[in-house]
Amino acid sequence: MTENMGDATQEAFDAEIVGNELDLRKADLLNDINNRQPNSAEIWYGHSILTSTLFPASPPKPGVDFVAKSNGTLEYLLEAGVDSNRQRKFPYGKYPRLLMAWMAKQIRAAGKTKTATVDPSTHTITIPSIYKLCDEMGLSQGGRTSHDVQEQLRLLLACRISVRRSTGFAGRSIDDIVYLPLVKAVRNVNDKNDAGYSGAIFELTEEVYNRLARESAPFDTRASSYLLNGRSVLPYDVYVWLTGSMKELKHDLPISWEWLHERFGDTIGTLKNFKAGFRRAVEKVRQVYPSVNVDFDKNGIVLHPSPTAISARPSKAEKWLSED
């Protein structure tokens, strides 16, 4: 028994050391964010729906046919597709978010110029290996991470996104629907011995390609690393939404708790629990985005005009899109 107690004590001691090391890394990262502007490689681009909340935080329950998110008169719908393994599952969690933001970064950095990753003339994206992708996304290259990233990439490329615009006038309503398979064509290259050496080549649909190029707002990947360092994706989603909202905000904007719950609260059942979780998420966002100016009241949150999380710099994509 004494030996077992000694083993347990050592395990607890080791766990405490690991925990302290993680806390120090988080503190160092937060200090770096607040004392240094991001370099060009650390600036990625996020869309408040396409690179965040459209993807469920956890796997939807069996029988769920689609996930929907509204943005004004637009409604985005996500449907699980049949992937190369003949599975119908939703992409979920942090990896689809990072993958979509990574694509937006590559597209905007390329502009009209063909790179090793992007061919703008065909809207083709090339991922030579999952290891390289993980490295560029700031993830470890461990076997489990590589496996999970590869699986979520496969599910992401198989899914279908639809955009519905609802308009109308007295006595009538009009629904326009654009169906957006994420890709026109995809080739998965699987390494059976090591998932990390697997890769993919895929052609994005023009609509998705252009939305990622035109409608995404810049954010700091150091902040996303800090905010995703936990079980919840909510702080990251709130961060992307807030910095994107501030891009064009000229007047105070009140947002109701009901709207916030619909947008961000898929996995949080009651409004009461959601309010507490959302407040915690905003406080965490403030640690990496101290210039954001928001207030809470009994009805929800009020956004006040604020700088974006990082100063916007015109990318190559923005320059050539403005010329078209």
# chains A, B, ... in the order shown; residues from 1 in each chain; ligands from 1
$ closest_atom_pairs --of "stretch 157-232 of chain A" --to "stretch 113-120 of chain A" --cutoff "12 Å" --atoms "only C-alpha atoms" --output "Markdown table"
| residue | atom | partner | partner_atom | distance |
| --- | --- | --- | --- | --- |
| A:Gly199 | CA | A:Thr117 | CA | 11.8 |
| A:Ala200 | CA | A:Thr117 | CA | 10.7 |
| A:Ile201 | CA | A:Thr117 | CA | 9.2 |
| A:Phe202 | CA | A:Val118 | CA | 10.0 |
| A:Glu203 | CA | A:Asp119 | CA | 9.1 |
| A:Leu204 | CA | A:Pro120 | CA | 10.1 |
| A:Thr205 | CA | A:Pro120 | CA | 11.6 |
| A:Glu206 | CA | A:Pro120 | CA | 10.1 |
| A:Tyr209 | CA | A:Pro120 | CA | 9.1 |
| A:Asn210 | CA | A:Pro120 | CA | 10.3 |
| A:Ala213 | CA | A:Pro120 | CA | 10.7 |
$ select_by_dssp --residues "stretch 62-299 of chain A" --states "helix (DSSP H, G or I)" --output "number ranges by chain"
A: 94-110, 130-136, 143-158, 195-197, 206-214, 221-227, 234-245, 257-264, 271-288
$ select_by_dssp --residues "stretch 50-94 of chain A" --states "strand (DSSP E)" --output "MDAnalysis selection string"
chainID A and resid 67:71 74:79
$ residues_around --residues "A:Leu77" --least-positions-apart "5" --cutoff "7 Å" --atoms "only C-alpha atoms" --output "PyMOL selection string"
chain A and resi 66-69+161-163
$ write_last_selection --atoms "N, CA, C and O atoms" --output "short mmCIF file (atom, residue, chain, number, x, y, z; two decimals), in the first residue's frame"
data_model
loop_
_atom_site.label_atom_id
_atom_site.label_comp_id
_atom_site.auth_asym_id
_atom_site.auth_seq_id
_atom_site.Cartn_x
_atom_site.Cartn_y
_atom_site.Cartn_z
N PHE A 66 -29.24 18.87 -40.29
CA PHE A 66 -28.44 20.03 -40.68
C PHE A 66 -28.26 20.94 -39.48
O PHE A 66 -28.97 20.85 -38.48
N VAL A 67 -27.29 21.84 -39.61
CA VAL A 67 -27.04 22.89 -38.63
C VAL A 67 -27.25 24.22 -39.34
O VAL A 67 -26.79 24.39 -40.48
N ALA A 68 -27.95 25.16 -38.72
CA ALA A 68 -28.26 26.43 -39.38
C ALA A 68 -27.81 27.60 -38.51
O ALA A 68 -27.93 27.56 -37.28
N LYS A 69 -27.30 28.65 -39.17
CA LYS A 69 -26.92 29.89 -38.51
C LYS A 69 -27.39 31.06 -39.35
O LYS A 69 -27.20 31.06 -40.58
N ILE A 161 -22.63 23.22 -47.84
CA ILE A 161 -23.09 24.45 -47.21
C ILE A 161 -24.10 25.12 -48.14
O ILE A 161 -23.85 25.24 -49.34
N SER A 162 -25.23 25.51 -47.59
CA SER A 162 -26.24 26.23 -48.36
C SER A 162 -26.42 27.61 -47.76
O SER A 162 -26.33 27.79 -46.54
N VAL A 163 -26.68 28.59 -48.61
CA VAL A 163 -26.95 29.95 -48.15
C VAL A 163 -28.32 30.35 -48.65
O VAL A 163 -28.58 30.32 -49.86
#
$ closest_atom_pairs --of "stretch 244-274 of chain A" --to "stretch 290-310 of chain A" --cutoff "7 Å" --atoms "only C-alpha atoms" --output "Markdown table"
| residue | atom | partner | partner_atom | distance |
| --- | --- | --- | --- | --- |
| A:Met246 | CA | A:Thr308 | CA | 5.6 |
| A:Lys247 | CA | A:Thr308 | CA | 5.9 |
| A:Leu249 | CA | A:Pro305 | CA | 5.5 |
| A:Lys250 | CA | A:Pro305 | CA | 5.7 |
| A:His251 | CA | A:Pro305 | CA | 6.1 |
| A:Asp252 | CA | A:His304 | CA | 4.6 |
| A:Leu253 | CA | A:Leu303 | CA | 5.0 |
| A:Pro254 | CA | A:Val302 | CA | 4.2 |
| A:Ile255 | CA | A:Ile301 | CA | 5.3 |
| A:Ser256 | CA | A:Gly300 | CA | 4.4 |
| A:Trp257 | CA | A:Gly300 | CA | 4.5 |
$ residues_around --residues "stretch 35-42 of chain A" --least-positions-apart "4" --cutoff "8 Å" --atoms "only C-alpha atoms" --output "list in words"
Asn31, Asp220, Thr221, Arg222 and Ile310 of chain A
$ residues_around --residues "stretch 225-240 of chain A" --least-positions-apart "2" --cutoff "8 Å" --atoms "only C-alpha atoms" --output "NGL selection string"
:A and (26 or 29-30 or 46-48 or 52-53 or 57 or 93-94 or 138 or 217 or 219 or 221-223 or 242-244 or 264 or 278 or 281-282 or 284-285 or 289)
$ closest_residue --among "A:Gly111, A:Pro181, A:Pro218, A:Gly142" --to "A:Glu79" --atoms "only C-alpha atoms"
A:Pro181
$ atom_distance --atom1 "atom CA of A:Thr124" --atom2 "atom CA of A:Asp176"
27.3 Å
$ closest_residue --among "A:Leu155, A:Tyr92, A:Val189, A:Glu283" --to "A:Thr51" --atoms "only C-alpha atoms"
A:Tyr92
$ closest_residue --among "A:Arg86, A:His261, A:Asn188, A:Ala158" --to "A:Thr126" --atoms "only C-alpha atoms"
A:Asn188
$ residues_around --residues "A:Gln87" --least-positions-apart "6" --cutoff "12 Å" --atoms "only C-alpha atoms" --output "PDB file with N, CA, C and O atoms, in the first residue's frame"
ATOM      1  N   ALA A  80     -24.064  17.307 -43.412  1.00  0.00           N
ATOM      2  CA  ALA A  80     -22.985  16.328 -43.481  1.00  0.00           C
ATOM      3  C   ALA A  80     -23.039  15.611 -44.821  1.00  0.00           C
ATOM      4  O   ALA A  80     -24.113  15.253 -45.303  1.00  0.00           O
ATOM      5  N   GLY A  81     -21.885  15.424 -45.430  1.00  0.00           N
ATOM      6  CA  GLY A  81     -21.807  14.686 -46.682  1.00  0.00           C
ATOM      7  C   GLY A  81     -21.251  13.291 -46.448  1.00  0.00           C
ATOM      8  O   GLY A  81     -20.850  12.944 -45.338  1.00  0.00           O
ATOM      9  N   GLU A 151      -9.019  13.495 -40.212  1.00  0.00           N
ATOM     10  CA  GLU A 151     -10.428  13.088 -40.192  1.00  0.00           C
ATOM     11  C   GLU A 151     -11.348  14.294 -40.372  1.00  0.00           C
ATOM     12  O   GLU A 151     -12.298  14.250 -41.167  1.00  0.00           O
ATOM     13  N   GLN A 152     -11.074  15.382 -39.663  1.00  0.00           N
ATOM     14  CA  GLN A 152     -11.928  16.559 -39.769  1.00  0.00           C
ATOM     15  C   GLN A 152     -11.806  17.218 -41.144  1.00  0.00           C
ATOM     16  O   GLN A 152     -12.785  17.751 -41.671  1.00  0.00           O
ATOM     17  N   ARG A 154     -11.296  15.554 -43.911  1.00  0.00           N
ATOM     18  CA  ARG A 154     -12.084  14.686 -44.786  1.00  0.00           C
ATOM     19  C   ARG A 154     -13.580  14.982 -44.643  1.00  0.00           C
ATOM     20  O   ARG A 154     -14.309  15.087 -45.636  1.00  0.00           O
ATOM     21  N   LEU A 155     -14.045  15.144 -43.414  1.00  0.00           N
ATOM     22  CA  LEU A 155     -15.459  15.449 -43.182  1.00  0.00           C
ATOM     23  C   LEU A 155     -15.815  16.840 -43.703  1.00  0.00           C
ATOM     24  O   LEU A 155     -16.899  17.054 -44.246  1.00  0.00           O
ATOM     25  N   LEU A 156     -14.889  17.773 -43.546  1.00  0.00           N
ATOM     26  CA  LEU A 156     -15.118  19.141 -44.012  1.00  0.00           C
ATOM     27  C   LEU A 156     -15.274  19.182 -45.529  1.00  0.00           C
ATOM     28  O   LEU A 156     -16.187  19.830 -46.062  1.00  0.00           O
ATOM     29  N   ALA A 158     -16.261  16.917 -47.435  1.00  0.00           N
ATOM     30  CA  ALA A 158     -17.436  16.173 -47.899  1.00  0.00           C
ATOM     31  C   ALA A 158     -18.745  16.899 -47.615  1.00  0.00           C
ATOM     32  O   ALA A 158     -19.781  16.559 -48.194  1.00  0.00           O
ATOM     33  N   CYS A 159     -18.729  17.901 -46.750  1.00  0.00           N
ATOM     34  CA  CYS A 159     -19.980  18.534 -46.328  1.00  0.00           C
ATOM     35  C   CYS A 159     -20.522  19.475 -47.403  1.00  0.00           C
ATOM     36  O   CYS A 159     -19.832  19.819 -48.363  1.00  0.00           O
TER      37      CYS A 159
END
